[in-house]
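The block underneath contains the structure these notes are about, expressed in structure tokens.
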Amino acid sequence: MSVIKEIYDLAKDSATLATKAAALKRALKAELKLNKKILADISKSAPIDRERRLLIIDMLEVAELTAAVKYEMPYAAISRKKVTPELAENHKIKRIVGYDLETLIEALYLMISYLKKDGKNTQIDLNLRLINVSKYSGVLLEVL
């Protein structure tokens, strides 16, 4: 195989990877934006009852987050950003400083999935959990 053929194949593979990474990024952003709209009442601290919170949990989308967690994704090709102290401070979540895209996706996926499975548990503070989901979604959108 010639060197030129190898370079061509490498460039072609890189272009394919870049296209796939852009599609994954777009899908994740769309899902996060939809969830942000669903969580609008929570982020505004609007007074809502437990039943409405349970409806909000049921409406949250996790298909793209699930796919990102279950299947091998080129996280570095999508975003190399990490959570800076300023970004963490803006969203008031100090413990996520230094998180990368993969860690944020996994954390948000686990939060939403847990709420979907055990949201009816009366010992869970749904408001606090939904506020955290809203904050993590905002941070993840900025990291993407």
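Ligands are numbered from 1 in the order shown, chains are lettered A, B, ... in the order of the structure tokens, and residues start at 1 in each chain.
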For Lys92 (chain A), find every residue with an atom within 12 Å (counting only C-alpha atoms), except residues of its own chain fewer than 2 positions away, and show them as an mmCIF file with N, CA and C atoms, in the first residue's frame.
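around11.cif was written with the following content:
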data_model
loop_
_atom_site.group_PDB
_atom_site.id
_atom_site.type_symbol
_atom_site.label_atom_id
_atom_site.label_comp_id
_atom_site.auth_asym_id
_atom_site.auth_seq_id
_atom_site.Cartn_x
_atom_site.Cartn_y
_atom_site.Cartn_z
ATOM 1 N N THR A 84 -14.729 24.291 34.325
ATOM 2 C CA THR A 84 -13.818 25.217 34.984
ATOM 3 C C THR A 84 -14.419 25.665 36.309
ATOM 4 N N PRO A 85 -13.597 26.177 37.204
ATOM 5 C CA PRO A 85 -14.143 26.698 38.469
ATOM 6 C C PRO A 85 -15.188 27.795 38.244
ATOM 7 N N GLU A 86 -14.995 28.625 37.206
ATOM 8 C CA GLU A 86 -15.951 29.692 36.919
ATOM 9 C C GLU A 86 -17.298 29.124 36.470
ATOM 10 N N LEU A 87 -17.251 28.117 35.608
ATOM 11 C CA LEU A 87 -18.485 27.492 35.127
ATOM 12 C C LEU A 87 -19.231 26.808 36.272
ATOM 13 N N ALA A 88 -18.486 26.113 37.115
ATOM 14 C CA ALA A 88 -19.096 25.453 38.276
ATOM 15 C C ALA A 88 -19.707 26.486 39.221
ATOM 16 N N GLU A 89 -19.036 27.606 39.397
ATOM 17 C CA GLU A 89 -19.547 28.668 40.267
ATOM 18 C C GLU A 89 -20.797 29.309 39.672
ATOM 19 N N ASN A 90 -20.797 29.507 38.355
ATOM 20 C CA ASN A 90 -21.978 30.089 37.683
ATOM 21 C C ASN A 90 -23.222 29.231 37.882
ATOM 22 N N LYS A 94 -20.088 23.188 42.992
ATOM 23 C CA LYS A 94 -18.635 23.190 43.160
ATOM 24 C C LYS A 94 -17.987 21.829 42.929
ATOM 25 N N ARG A 95 -18.699 20.750 43.217
ATOM 26 C CA ARG A 95 -18.080 19.417 43.161
ATOM 27 C C ARG A 95 -17.772 18.937 41.743
ATOM 28 N N ILE A 96 -18.227 19.632 40.717
ATOM 29 C CA ILE A 96 -18.002 19.155 39.354
ATOM 30 C C ILE A 96 -16.795 19.796 38.668
ATOM 31 N N VAL A 97 -16.042 20.590 39.386
ATOM 32 C CA VAL A 97 -14.851 21.212 38.799
ATOM 33 C C VAL A 97 -13.933 20.106 38.282
ATOM 34 N N ILE A 131 -33.792 20.253 40.495
ATOM 35 C CA ILE A 131 -32.909 21.422 40.412
ATOM 36 C C ILE A 131 -31.508 20.973 39.991
ATOM 37 N N ASN A 132 -31.022 19.877 40.586
ATOM 38 C CA ASN A 132 -29.704 19.359 40.214
ATOM 39 C C ASN A 132 -29.664 18.903 38.754
ATOM 40 N N SER A 134 -31.454 20.104 36.359
ATOM 41 C CA SER A 134 -31.460 21.347 35.590
ATOM 42 C C SER A 134 -30.063 21.975 35.549
ATOM 43 N N LYS A 135 -29.399 22.013 36.683
ATOM 44 C CA LYS A 135 -28.051 22.599 36.745
ATOM 45 C C LYS A 135 -27.056 21.791 35.914
ATOM 46 N N TYR A 136 -27.069 20.478 36.070
ATOM 47 C CA TYR A 136 -26.152 19.633 35.316
ATOM 48 C C TYR A 136 -26.419 19.738 33.817
ATOM 49 N N GLY A 138 -27.538 22.354 32.249
ATOM 50 C CA GLY A 138 -26.975 23.638 31.833
ATOM 51 C C GLY A 138 -25.473 23.580 31.672
ATOM 52 N N VAL A 139 -24.801 22.943 32.599
ATOM 53 C CA VAL A 139 -23.345 22.802 32.514
ATOM 54 C C VAL A 139 -22.969 21.962 31.297
#
Quick one: DSSP alpha helix (DSSP H) residues in chain A, as a ChimeraX atom specification? /A:3-38,40-43,50-59,63-70,75-78,85-90,101-118,126-143
Determine, using only C-alpha atoms, which residues of region 57-97 of chain A have any atom at most 10 Å from an atom of region 34-53 of chain A, and tabulate each with its shortest atom pair and distance in Å to one decimal place, rows ordered by chain and then rising number, as JSON lines.
{"residue": "A:Ile57", "atom": "CA", "partner": "A:Arg53", "partner_atom": "CA", "distance": 6.3}
{"residue": "A:Asp58", "atom": "CA", "partner": "A:Arg53", "partner_atom": "CA", "distance": 8.7}
{"residue": "A:Met59", "atom": "CA", "partner": "A:Ile38", "partner_atom": "CA", "distance": 7.3}
{"residue": "A:Leu60", "atom": "CA", "partner": "A:Asn35", "partner_atom": "CA", "distance": 5.6}
{"residue": "A:Glu61", "atom": "CA", "partner": "A:Asn35", "partner_atom": "CA", "distance": 6.4}
{"residue": "A:Val62", "atom": "CA", "partner": "A:Asn35", "partner_atom": "CA", "distance": 8.9}
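Of the listed residues A:Val133, A:Val143, A:Ala23, A:Leu126, the one whose atoms come nearest to Glu64 (chain A) is A:Ala23, with distances taken using only C-alpha atoms.
If you count only C-alpha atoms and ignore residues fewer than 2 places along the chain from region 73-77 of chain A, what sits within 9 Å of it is Leu17, Ala18, Lys20, Ala21, Ala22, Leu24, Ala67, Ala68, Val69, Lys70, Tyr71, Ser79, Arg80, Lys81, Asp100, Leu101 and Glu102 of chain A.
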